[in-house]
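Trainee: One structure coming up, written as structure tokens, with questions to follow.
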Amino acid sequence: MSNAAKVKANMAPSSFDPLPTPMVRFETVTSSVRYHPSPMAHADILARLIALKDEIRRHDYLYYVKGRPEISDSQYDRLFRELIDLEHTNPELVTPDSPTQRVGAPPLESLSKVPHEQPMLSLDSIVDQEEVQAFNQRMTRELETPSVEYSAEPKFDGLSVELVYDYGMFTRGATRGDGTTGEDVTVNLRTIRSLPLQLQAQSGFPDHLVVRGEVYMRLDDFQALNRRITERGDDAFANPRNAASGSLRQLDSTITATRPLVVTCYEIMALSTPAPPTHWEELEQLARWGIPVPTHRRLCASIDDVMAFHRETESIRDRLLYEIDGVVVKVNRRDWQHRLGMKSRSPRWAIAYKFTPRKEITVVEDIVVSVGRTGTLTPVALLKPVEVGGVTISRATLHNADEVARKDIRIGDTVKVERAGDVIPAIAERVPIPDERRSVPFLMPDHCPMCGSNVGREGAYFYCTGQLVCGAQLKGAIEHFASKHALNIEGLGKKTVAQLVDEGLVRSLADLYRLTKEDLVRLEGFADRSATALVESIAGSKAVSLDRFLMGLGIRQVGQHIAKVLAREFTSLEEIMAADRERLLQIREIGPEISDSLVAYWSEPRNRDAIAQLQTLGLQIAPGLAKGDRMESLLAGKTFVFTGGLDHFTRDEAQRAVETAGARVASSVSKKTSYVVAGRDPGSKLDQARMLGVPILTEQEFGALIGEEKGKPS
Ligand code: IVH
């Protein structure tokens, strides 16, 4: 990406008020040498560099923070190009605070943890007027004064950061983390154009300053970013907050540099010189140093002023270019803030006065049922299109049958729609009218709307039992069937499955065994050899053990472990298919949910047909367990809990080893736990194990038990 594009991607809003689309700058900034300096003395170069950097910094501030540029884009370009070229010929003079350094640094392995100088507290939040009054009463009572002056500003919906300036230079920045320790995102923060890399010096600056602010993304930038990444085939971010967080917590800061992040600061957390006496003056001081602060803010002489500010801010909320979810109200005087002190996690002197979530009224035109990849049926309300917070919404998930019943949503109802987390539409509530004027209650269908198979039920969730025959589930079913712990068909991964189904070569599981080399070579990415290899590995899967076959069917609740339990209990697939609920419930590890799921599965004739077809095509199901399951009898049904770090296994490998042995991994220790494996720096689970008398294994002992070479001491 060119410098120009990187820079453009980082346009910032310059003030709280809605802005026109930002103008385009840096049209032609490249690193090509267009500036031809005559030989300059070193001191002159240094002086010119300093002057250039100051000048560019000033224009960045005017443009990105103030929104009032003083020079044209091309004049700016010329300055920037001159700086690039001077630094290019004098690389030893490049400083980290140079405006050219905002393009990102080499990728990191991981984000390191940094302790905060001061704890980063959170805020208590309130939503209604009575609570605001109560807050004010608490303040006046505790401060023993008739009225308190407040400073009010927007509550930005982003992620909180700590920014450290030493001798005026931005030296470190971190995310909030758990409030005590955050992640070091310095290099990523450097790419944010509205964040000054150096403080403005007119009024002098402190040796040390720690400020807190919020990093967020504008809505239009967020939408454009999502378009960009979905076109590439990546998943969209759910909302601007996630997008900001994902972008800031990148290991590769050159990616962050392409993400349109902005920052606004709202607290001085530490200062080497005496702090201004009020929050209001604190913000003014920050602004003088060139740090962006909320421009929309109000000094409120009384709590009534605070409420007016809240009302007005809420009324312009939808016209703003970025998300805010309330107003933060702070006692203005800092000496009073100190007197009030704090609770364990939040200050007593400030409160987040949230907005009511956005809701709009519309009509349910229909309720349809969609079938997911794993067969779950989800009721979806089709709505008369309505705009909620700038987005047109025409569908809303009703989640599941219980939710529909609880909210009692029927076709024709008038409902209030909200954007939960401000992105995924949901029906908040129904606008009540007399029942006789409403349509009949919605009921989930008995048959899958996609394939007509019987519908099964697990609590509030309904699902299509035709795992092997349902079009909606076909890709997922084949992927699962072919996966490592099932039929283990090499070369049949997600991508190939999608190709086979999309090209119409595979319409059922049985079709897999009808594929020929000739079919495959026609597909993109296949050559003679790979086509032969896949046909062979499909053919090779025809001899399969009962447990793996059961696992491959994708019956709900029947994973690897239960498949093994069943394969041990019964000698053939036919026997399992014939077992009724009572028979299944006699098995120690099988409860009502698993047995119901099995019975529902076999009672769908099309599943039986699909299995019969596989057998006709040569699939041989051998009784018993797959080879390599010799540990089975010893460890079957046991429960392992891990604590601390392992040296010879990743957690995934350890879990797989345990499961292959017919045991399972649990996350907490109880009397029923069979073993606790204690690795490096074990946590409280080890103490619990000791207390409950649960056997404790070292990693080596675990390795020996599992019989894995890699677990043995090296
Ligand atoms: S002041 C000790 N001011 O809201 C005071 N926080 O729910 C600490 N936030 O974690 C926070 N805008 O990330 C403050 N103008 C603002 C804010 C703000 C957004 C966030 C902040 C905090 C969260 C608390």
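So you can find residues: chains in the structure tokens are A, B, ... in the order shown, residues in each start at 1, and ligands are numbered from 1 in order.
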As a PyMOL selection string, please: the residues near Arg395 (chain A) (cut-off 7 Å, only C-alpha atoms, same-chain neighbours under 3 positions excluded).

Mentor: chain A and resi 380-383

Trainee: Can you build me a table of chain A residues sitting at most 7 Å from ligand 1, with the closest atom pair per residue and its distance in Å to one decimal, using only C-alpha atoms and all ligand atoms, sorted by chain and residue number, as a Markdown table?

Mentor:
| residue | atom | partner | partner_atom_place_in_ligand_line | distance |
| --- | --- | --- | --- | --- |
| A:Met120 | CA | ligand 1 | 8 (C) | 6.7 |
| A:Leu121 | CA | ligand 1 | 2 (C) | 5.1 |
| A:Ser122 | CA | ligand 1 | 24 (C) | 4.3 |
| A:Leu123 | CA | ligand 1 | 24 (C) | 4.3 |
| A:Asp124 | CA | ligand 1 | 7 (O) | 6.7 |
| A:Ser125 | CA | ligand 1 | 7 (O) | 7.0 |
| A:Glu153 | CA | ligand 1 | 15 (N) | 5.4 |
| A:Pro154 | CA | ligand 1 | 15 (N) | 5.3 |
| A:Lys155 | CA | ligand 1 | 12 (N) | 3.5 |
| A:Phe156 | CA | ligand 1 | 12 (N) | 4.0 |
| A:Asp157 | CA | ligand 1 | 19 (C) | 5.9 |
| A:Gly158 | CA | ligand 1 | 13 (O) | 6.7 |
| A:Leu159 | CA | ligand 1 | 13 (O) | 5.4 |
| A:Ser160 | CA | ligand 1 | 13 (O) | 4.0 |
| A:Glu214 | CA | ligand 1 | 13 (O) | 5.9 |
| A:Tyr266 | CA | ligand 1 | 15 (N) | 5.3 |
| A:Glu267 | CA | ligand 1 | 1 (S) | 6.4 |
| A:Val328 | CA | ligand 1 | 15 (N) | 5.4 |
| A:Ser346 | CA | ligand 1 | 2 (C) | 6.4 |
| A:Pro347 | CA | ligand 1 | 2 (C) | 5.6 |
| A:Ala350 | CA | ligand 1 | 5 (C) | 6.7 |
| A:Ala352 | CA | ligand 1 | 7 (O) | 6.4 |

Trainee: Name the residues of region 34-161 of chain A that fall into strand (DSSP E) according to DSSP on the backbone, using the chain letters and numbers of this document, as a PyMOL selection string.

Mentor: chain A and resi 113-115+125-126+150-156+159-161

Trainee: Store the residues picked out above, limited to N, CA and C atoms, as an mmCIF file, in the first residue's frame.

Mentor:
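Below you can see again.cif, which holds the result:
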data_model
loop_
_atom_site.group_PDB
_atom_site.id
_atom_site.type_symbol
_atom_site.label_atom_id
_atom_site.label_comp_id
_atom_site.auth_asym_id
_atom_site.auth_seq_id
_atom_site.Cartn_x
_atom_site.Cartn_y
_atom_site.Cartn_z
ATOM 1 N N LYS A 113 2.792 -7.548 28.022
ATOM 2 C CA LYS A 113 1.969 -6.982 29.088
ATOM 3 C C LYS A 113 2.717 -5.836 29.752
ATOM 4 N N VAL A 114 1.984 -4.767 30.076
ATOM 5 C CA VAL A 114 2.624 -3.679 30.812
ATOM 6 C C VAL A 114 1.729 -3.249 31.972
ATOM 7 N N PRO A 115 2.346 -3.055 33.141
ATOM 8 C CA PRO A 115 1.544 -2.581 34.267
ATOM 9 C C PRO A 115 1.184 -1.106 34.061
ATOM 10 N N SER A 125 -22.641 2.761 35.826
ATOM 11 C CA SER A 125 -23.538 3.413 34.874
ATOM 12 C C SER A 125 -24.978 3.435 35.362
ATOM 13 N N ILE A 126 -25.676 4.434 34.886
ATOM 14 C CA ILE A 126 -27.076 4.623 35.244
ATOM 15 C C ILE A 126 -27.836 4.949 33.971
ATOM 16 N N TYR A 150 -20.474 20.204 37.521
ATOM 17 C CA TYR A 150 -20.064 18.991 36.813
ATOM 18 C C TYR A 150 -19.505 19.333 35.441
ATOM 19 N N SER A 151 -18.629 18.468 34.980
ATOM 20 C CA SER A 151 -18.165 18.571 33.605
ATOM 21 C C SER A 151 -18.738 17.339 32.900
ATOM 22 N N ALA A 152 -19.421 17.576 31.782
ATOM 23 C CA ALA A 152 -20.072 16.449 31.097
ATOM 24 C C ALA A 152 -19.553 16.340 29.681
ATOM 25 N N GLU A 153 -19.365 15.109 29.233
ATOM 26 C CA GLU A 153 -18.818 14.869 27.888
ATOM 27 C C GLU A 153 -19.366 13.544 27.368
ATOM 28 N N PRO A 154 -19.215 13.275 26.095
ATOM 29 C CA PRO A 154 -19.755 12.027 25.562
ATOM 30 C C PRO A 154 -19.026 10.808 26.118
ATOM 31 N N LYS A 155 -19.741 9.714 26.151
ATOM 32 C CA LYS A 155 -19.103 8.437 26.468
ATOM 33 C C LYS A 155 -18.825 7.745 25.141
ATOM 34 N N PHE A 156 -17.589 7.745 24.747
ATOM 35 C CA PHE A 156 -17.192 7.174 23.454
ATOM 36 C C PHE A 156 -17.240 5.656 23.526
ATOM 37 N N LEU A 159 -12.327 1.600 22.779
ATOM 38 C CA LEU A 159 -11.576 0.925 23.822
ATOM 39 C C LEU A 159 -10.603 1.905 24.455
ATOM 40 N N SER A 160 -10.465 1.704 25.753
ATOM 41 C CA SER A 160 -9.731 2.640 26.568
ATOM 42 C C SER A 160 -8.229 2.396 26.442
ATOM 43 N N VAL A 161 -7.465 3.491 26.344
ATOM 44 C CA VAL A 161 -6.011 3.328 26.278
ATOM 45 C C VAL A 161 -5.306 4.279 27.245
#

Trainee: Pick out the residues sitting within 10 Å of Val501 (chain A), and hand them over as number ranges by chain; count only C-alpha atoms, and ignore anything fewer than 6 positions along from it in its own chain.

Mentor: A: 471, 474-475, 478, 507-508

Trainee: Quote the spacing between CA of Val329 (chain A) and CA of Ala134 (chain A) in Å to one decimal place.

Mentor: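 Going from CA of Val329 (chain A) over to CA of Ala134 (chain A) covers 13.2 Å.
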
Trainee: Do a neighbour search on Glu604 (chain A) at 12 Å with only C-alpha atoms, toss out local chain neighbours closer than 2 positions, and write the hits as an MDAnalysis selection string.

Mentor: chainID A and resid 447:448 451:456 464:470 555 577 597:602 606:611

Trainee: Take the residues that were just selected and, keeping C-alpha atoms, output them as a tab-separated table (two decimals), in the first residue's frame.

Mentor:
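The result, stored in result-v8.tsv:
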chain	number	residue	atom	x	y	z
A	447	HIS	CA	-40.63	-30.94	9.31
A	448	CYS	CA	-37.50	-29.23	8.11
A	451	CYS	CA	-35.52	-31.08	3.25
A	452	GLY	CA	-38.74	-32.23	4.89
A	453	SER	CA	-37.04	-34.46	7.48
A	454	ASN	CA	-38.49	-34.81	10.95
A	455	VAL	CA	-37.64	-32.04	13.37
A	456	GLY	CA	-36.00	-32.98	16.69
A	464	CYS	CA	-33.53	-31.02	11.41
A	465	THR	CA	-32.81	-34.69	12.07
A	466	GLY	CA	-31.93	-35.33	8.44
A	467	GLN	CA	-28.23	-34.68	8.97
A	468	LEU	CA	-27.29	-36.87	6.04
A	469	VAL	CA	-29.91	-35.64	3.59
A	470	CYS	CA	-30.58	-31.96	4.30
A	555	ILE	CA	-25.64	-37.26	15.27
A	577	MET	CA	-30.26	-48.59	15.42
A	597	SER	CA	-31.04	-37.61	19.91
A	598	LEU	CA	-30.16	-41.14	18.77
A	599	VAL	CA	-33.78	-42.23	18.65
A	600	ALA	CA	-34.77	-39.11	16.67
A	601	TYR	CA	-31.93	-39.75	14.25
A	602	TRP	CA	-32.85	-43.35	13.50
A	606	ARG	CA	-33.99	-40.92	5.10
A	607	ASN	CA	-31.00	-41.20	7.40
A	608	ARG	CA	-31.41	-44.99	7.34
A	609	ASP	CA	-31.68	-44.90	3.54
A	610	ALA	CA	-28.52	-42.83	3.28
A	611	ILE	CA	-26.62	-45.35	5.43

Trainee: Check region 6-197 of chain A with DSSP on the backbone and list each residue it calls helix (DSSP H, G or I), as number ranges by chain.

Mentor: A: 6-9, 42-65, 73-89, 91-93, 99-103, 129-143, 186-190

Trainee: Taking into account only C-alpha atoms, which residue in the set A:Ala612, A:Ala472, A:Ala243, A:Leu573 is nearest to Arg259 (chain A)?

Mentor: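 Smallest distance to Arg259 (chain A) is found for A:Ala243.
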
Trainee: Can you tell me, as an NGL selection string, what residues are no more than 10 Å from Arg588 (chain A) when counting only C-alpha atoms, ignoring any on the same chain fewer than 3 positions away?

Mentor: :A and (565 or 584-585 or 591 or 637)

Trainee: Restricting the calculation to only C-alpha atoms: of A:Ala244, A:Leu443, A:Val215, A:Met139, which residue gets closest to Asn400 (chain A)?

Mentor: A:Leu443

Trainee: Which residues, written as an mmCIF file with C-alpha atoms, in the first residue's frame, have at least one atom at most 8 Å from Lys384 (chain A), with only C-alpha atoms counted and residues fewer than 2 positions away on the same chain left out?

Mentor:
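Saved result, around.cif, follows:
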data_model
loop_
_atom_site.group_PDB
_atom_site.id
_atom_site.type_symbol
_atom_site.label_atom_id
_atom_site.label_comp_id
_atom_site.auth_asym_id
_atom_site.auth_seq_id
_atom_site.Cartn_x
_atom_site.Cartn_y
_atom_site.Cartn_z
ATOM 1 C CA THR A 362 -42.156 -1.774 12.649
ATOM 2 C CA VAL A 363 -44.376 -4.679 11.625
ATOM 3 C CA VAL A 364 -43.650 -8.409 11.451
ATOM 4 C CA GLU A 365 -44.651 -9.368 7.912
ATOM 5 C CA LEU A 382 -39.278 -10.667 8.253
ATOM 6 C CA VAL A 386 -37.142 0.198 9.071
ATOM 7 C CA SER A 394 -35.700 -6.056 7.355
#

Trainee: Report as a list in words all protein, DNA and RNA residues lying within 12 Å of Ser670 (chain A), evaluated on only C-alpha atoms, omitting residues in the same chain fewer than 4 positions from it.

Mentor: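 Listing them by chain and then by number gives Thr639, Phe640, Val641, Ala666, Ser674, Tyr675, Val676, Lys685, Leu686, Asp687, Gln688, Ala689, Arg690, Met691, Leu692, Gly693, Val694 and Pro695 of chain A.
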
Trainee: Could you write those residues out with C-alpha atoms, as a PDB file, in the first residue's frame?

Mentor:
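Wrote out.pdb, looks like this:
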ATOM      1  CA  THR A 639     -12.047 -37.138  33.774  1.00  0.00           C
ATOM      2  CA  PHE A 640      -8.835 -35.120  33.573  1.00  0.00           C
ATOM      3  CA  VAL A 641      -8.301 -31.525  34.663  1.00  0.00           C
ATOM      4  CA  ALA A 666     -13.043 -30.881  32.358  1.00  0.00           C
ATOM      5  CA  SER A 674     -10.138 -38.733  38.149  1.00  0.00           C
ATOM      6  CA  TYR A 675      -6.799 -36.939  37.761  1.00  0.00           C
ATOM      7  CA  VAL A 676      -5.436 -33.436  37.952  1.00  0.00           C
ATOM      8  CA  LYS A 685      -6.985 -26.185  40.780  1.00  0.00           C
ATOM      9  CA  LEU A 686      -4.001 -27.943  42.304  1.00  0.00           C
ATOM     10  CA  ASP A 687      -5.020 -26.819  45.794  1.00  0.00           C
ATOM     11  CA  GLN A 688      -8.555 -27.962  45.130  1.00  0.00           C
ATOM     12  CA  ALA A 689      -7.265 -31.368  44.003  1.00  0.00           C
ATOM     13  CA  ARG A 690      -5.267 -31.694  47.221  1.00  0.00           C
ATOM     14  CA  MET A 691      -8.250 -30.673  49.286  1.00  0.00           C
ATOM     15  CA  LEU A 692     -10.551 -33.162  47.587  1.00  0.00           C
ATOM     16  CA  GLY A 693      -7.951 -35.923  47.532  1.00  0.00           C
ATOM     17  CA  VAL A 694      -7.945 -36.160  43.726  1.00  0.00           C
ATOM     18  CA  PRO A 695      -4.841 -37.967  42.377  1.00  0.00           C
TER      19      PRO A 695
END
